[in-house]
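Undergrad: Sharing structure_14.csv, CSV, C-alpha atoms:
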```csv
chain,number,residue,atom,x,y,z
B,1352,MET,CA,14.0,-28.7,25.9
B,1353,THR,CA,10.6,-27.2,26.7
B,1354,LEU,CA,12.2,-24.3,28.4
B,1355,LEU,CA,14.4,-23.7,25.3
B,1356,LEU,CA,11.3,-23.8,23.0
B,1357,LEU,CA,9.5,-21.4,25.3
B,1358,LEU,CA,12.4,-18.9,25.3
B,1359,VAL,CA,12.5,-19.1,21.5
B,1360,VAL,CA,8.8,-18.3,21.2
B,1361,VAL,CA,8.9,-15.5,23.7
B,1362,GLY,CA,12.1,-14.1,22.1
B,1363,LEU,CA,10.5,-14.2,18.6
B,1364,SER,CA,7.4,-12.4,19.9
B,1365,LEU,CA,9.6,-9.7,21.6
B,1366,VAL,CA,11.7,-9.1,18.5
B,1367,THR,CA,8.6,-9.0,16.3
B,1368,LEU,CA,6.9,-6.6,18.7
B,1369,THR,CA,9.9,-4.3,18.6
B,1370,ASP,CA,9.8,-4.5,14.8
B,1371,VAL,CA,6.1,-3.5,14.7
B,1372,MET,CA,6.7,-0.6,17.1
B,1373,ARG,CA,9.5,0.8,14.9
B,1374,ALA,CA,7.7,0.4,11.6
B,1375,ASP,CA,6.1,3.4,9.9
B,1376,SER,CA,2.4,3.3,10.5
B,1377,SER,CA,1.6,4.6,7.0
B,1378,ARG,CA,3.5,1.7,5.4
B,1379,ILE,CA,2.1,-1.2,7.5
B,1380,GLU,CA,0.0,-3.7,5.5
B,1381,VAL,CA,-3.4,-5.4,6.2
B,1382,MET,CA,-4.2,-4.1,9.7
B,1383,PRO,CA,-3.6,-1.0,11.8
B,1384,LYS,CA,-0.4,-0.8,13.9
B,1385,PRO,CA,-2.1,-1.2,17.3
B,1386,LEU,CA,-3.8,-4.3,16.2
B,1387,TRP,CA,-0.5,-5.8,14.9
B,1388,MET,CA,1.0,-5.0,18.3
B,1389,VAL,CA,-1.6,-7.2,20.0
B,1390,MET,CA,-1.5,-9.8,17.2
B,1391,VAL,CA,2.2,-10.5,17.5
B,1392,LEU,CA,1.8,-11.6,21.1
B,1393,ILE,CA,-0.1,-14.7,19.9
B,1394,PRO,CA,2.6,-17.4,20.0
B,1395,LEU,CA,4.1,-18.3,16.6
B,1396,PHE,CA,1.0,-17.3,14.6
B,1397,GLY,CA,1.3,-13.6,15.3
B,1398,PRO,CA,5.0,-13.2,14.4
B,1399,ILE,CA,4.7,-15.4,11.3
B,1400,ALA,CA,1.7,-13.4,10.1
B,1401,TRP,CA,3.6,-10.1,10.7
B,1402,TYR,CA,6.6,-11.2,8.6
B,1403,LEU,CA,4.4,-12.7,5.8
B,1404,ALA,CA,1.6,-10.1,5.6
B,1405,GLY,CA,2.0,-7.0,7.7
B,1406,ARG,CA,5.6,-5.9,7.6
B,1407,PRO,CA,6.4,-3.0,5.2
B,1408,GLN,CA,8.4,-4.2,2.2
B,1409,LYS,CA,11.8,-2.7,1.7
B,1410,SER,CA,12.0,-1.0,-1.7
B,1411,ASP,CA,15.2,-0.6,-3.7
B,1412,LYS,CA,14.3,2.9,-4.8
B,1413,PRO,CA,15.0,5.7,-2.5
B,1414,ARG,CA,12.1,7.4,-0.6
B,1415,PRO,CA,11.1,10.7,-2.1
B,1416,PRO,CA,12.5,13.6,-0.1
B,1417,THR,CA,10.0,15.4,2.2
B,1418,LYS,CA,9.5,19.0,1.6
B,1419,SER,CA,11.5,20.9,4.1
B,1420,ARG,CA,10.6,24.5,4.9
B,1421,GLY,CA,13.7,25.1,6.8
B,1422,PRO,CA,13.8,26.4,10.4
B,1423,ALA,CA,10.7,28.0,11.7
B,1424,LYS,CA,10.6,31.8,11.3
B,1425,GLY,CA,8.8,34.4,13.4
B,1426,PRO,CA,6.3,36.6,11.7
B,1427,ASP,CA,8.6,39.5,11.8
B,1428,ASP,CA,11.2,37.5,9.7
B,1429,ASP,CA,8.6,36.8,7.0
B,1430,PRO,CA,8.7,39.4,4.2
B,1431,ASP,CA,5.2,38.3,2.9
B,1432,PHE,CA,3.7,38.7,6.4
B,1433,LEU,CA,5.2,42.2,6.8
B,1434,TRP,CA,4.1,43.2,3.3
B,1435,LYS,CA,0.5,42.1,4.1
B,1436,ILE,CA,0.5,44.2,7.3
B,1437,GLU,CA,1.8,47.2,5.4
B,1438,LYS,CA,-0.8,46.8,2.8
B,1439,LYS,CA,-3.6,46.5,5.4
B,1440,LEU,CA,-2.3,49.6,7.2
B,1441,ARG,CA,-2.3,51.6,4.0
B,1442,GLN,CA,-5.8,50.4,3.2
B,1443,THR,CA,-7.0,51.4,6.6
B,1444,LYS,CA,-5.5,54.9,6.3
B,1445,ARG,CA,-7.1,55.3,2.9
B,1446,ASP,CA,-10.5,54.2,4.2
B,1447,GLU,CA,-10.2,56.8,7.0
B,1448,GLY,CA,-9.5,59.6,4.6
B,1449,GLY,CA,-5.9,60.1,5.3
B,1450,GLN,CA,-3.1,59.6,2.8
B,1451,PRO,CA,-0.7,56.7,3.4
B,1452,GLU,CA,2.8,57.7,4.2
B,1453,ALA,CA,5.4,57.0,1.6
B,1454,SER,CA,7.5,54.1,2.7
B,1455,PRO,CA,11.3,54.5,2.5
B,1456,SER,CA,12.6,52.6,-0.4
```
Turn this file's structure into structure tokens for me.

TA:
Amino acid sequence: MTLLLLLVVVGLSLVTLTDVMRADSSRIEVMPKPLWMVMVLIPLFGPIAWYLAGRPQKSDKPRPPTKSRGPAKGPDDDPDFLWKIEKKLRQTKRDEGGQPEASPS
């Protein structure tokens, strides 16, 4: 009987520790995530505290979508970057007294 109780307590702590590690740090309540990871190792008290006070609540409303910029682009694929370089080059030529070349349109 004692062995069974010990296994239940250890199992509860391990399941809770896994839950803490998988939780999003920004949504955890009361204490920081590393402190919760230590706290849940306290037999019975830690896991109960986690499920009552620290665990992020599941909301019914969907999470707002994160802004995705798409795949990363190199600077030569970015038209704004290329235009800034062209502008800077033309300004440099003007400052040196030369006329900027007409760009093919």

Undergrad: Please indicate the distance in Å from atom CA of Pro1426 of chain B to atom CA of Gly1448 of chain B, rounded to one decimal place.

TA: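 Computing it gives 28.8 Å between the two atoms.
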
Undergrad: Calculate how many Å separate atom CA of Gly1405 of chain B from atom CA of Trp1387 of chain B, rounding to one decimal.

TA: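 For atom CA of Gly1405 of chain B relative to atom CA of Trp1387 of chain B, the distance reads 7.7 Å.
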
Undergrad: When you draw a straight line from atom CA of Met1372 of chain B to atom CA of Ile1399 of chain B, how long is it in Å?

TA: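 Separation of atom CA of Met1372 of chain B and atom CA of Ile1399 of chain B: 16.0 Å.
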
Undergrad: From the list B:Leu1358, B:Leu1440, B:Leu1403, B:Leu1365, which residue is nearest Val1391 of chain B when using all atoms listed in the file?

TA: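 Using all atoms listed in the file, Val1391 of chain B sits closest to B:Leu1365.
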
Undergrad: Taking (5.0, -16.3, 16.5) in the file's own coordinates, collect the residues within 10 Å, counting all atoms listed in the file, and hand them back as number ranges by chain.

TA: B: 1359-1365, 1367, 1390-1402

Undergrad: Restricting the calculation to only C-alpha atoms: of B:Asp1427, B:Trp1434, B:Asp1446, B:Met1388, which residue gets closest to Val1366 of chain B?

TA: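 Between B:Asp1427, B:Trp1434, B:Asp1446, B:Met1388, the residue approaching Val1366 of chain B most closely is B:Met1388.
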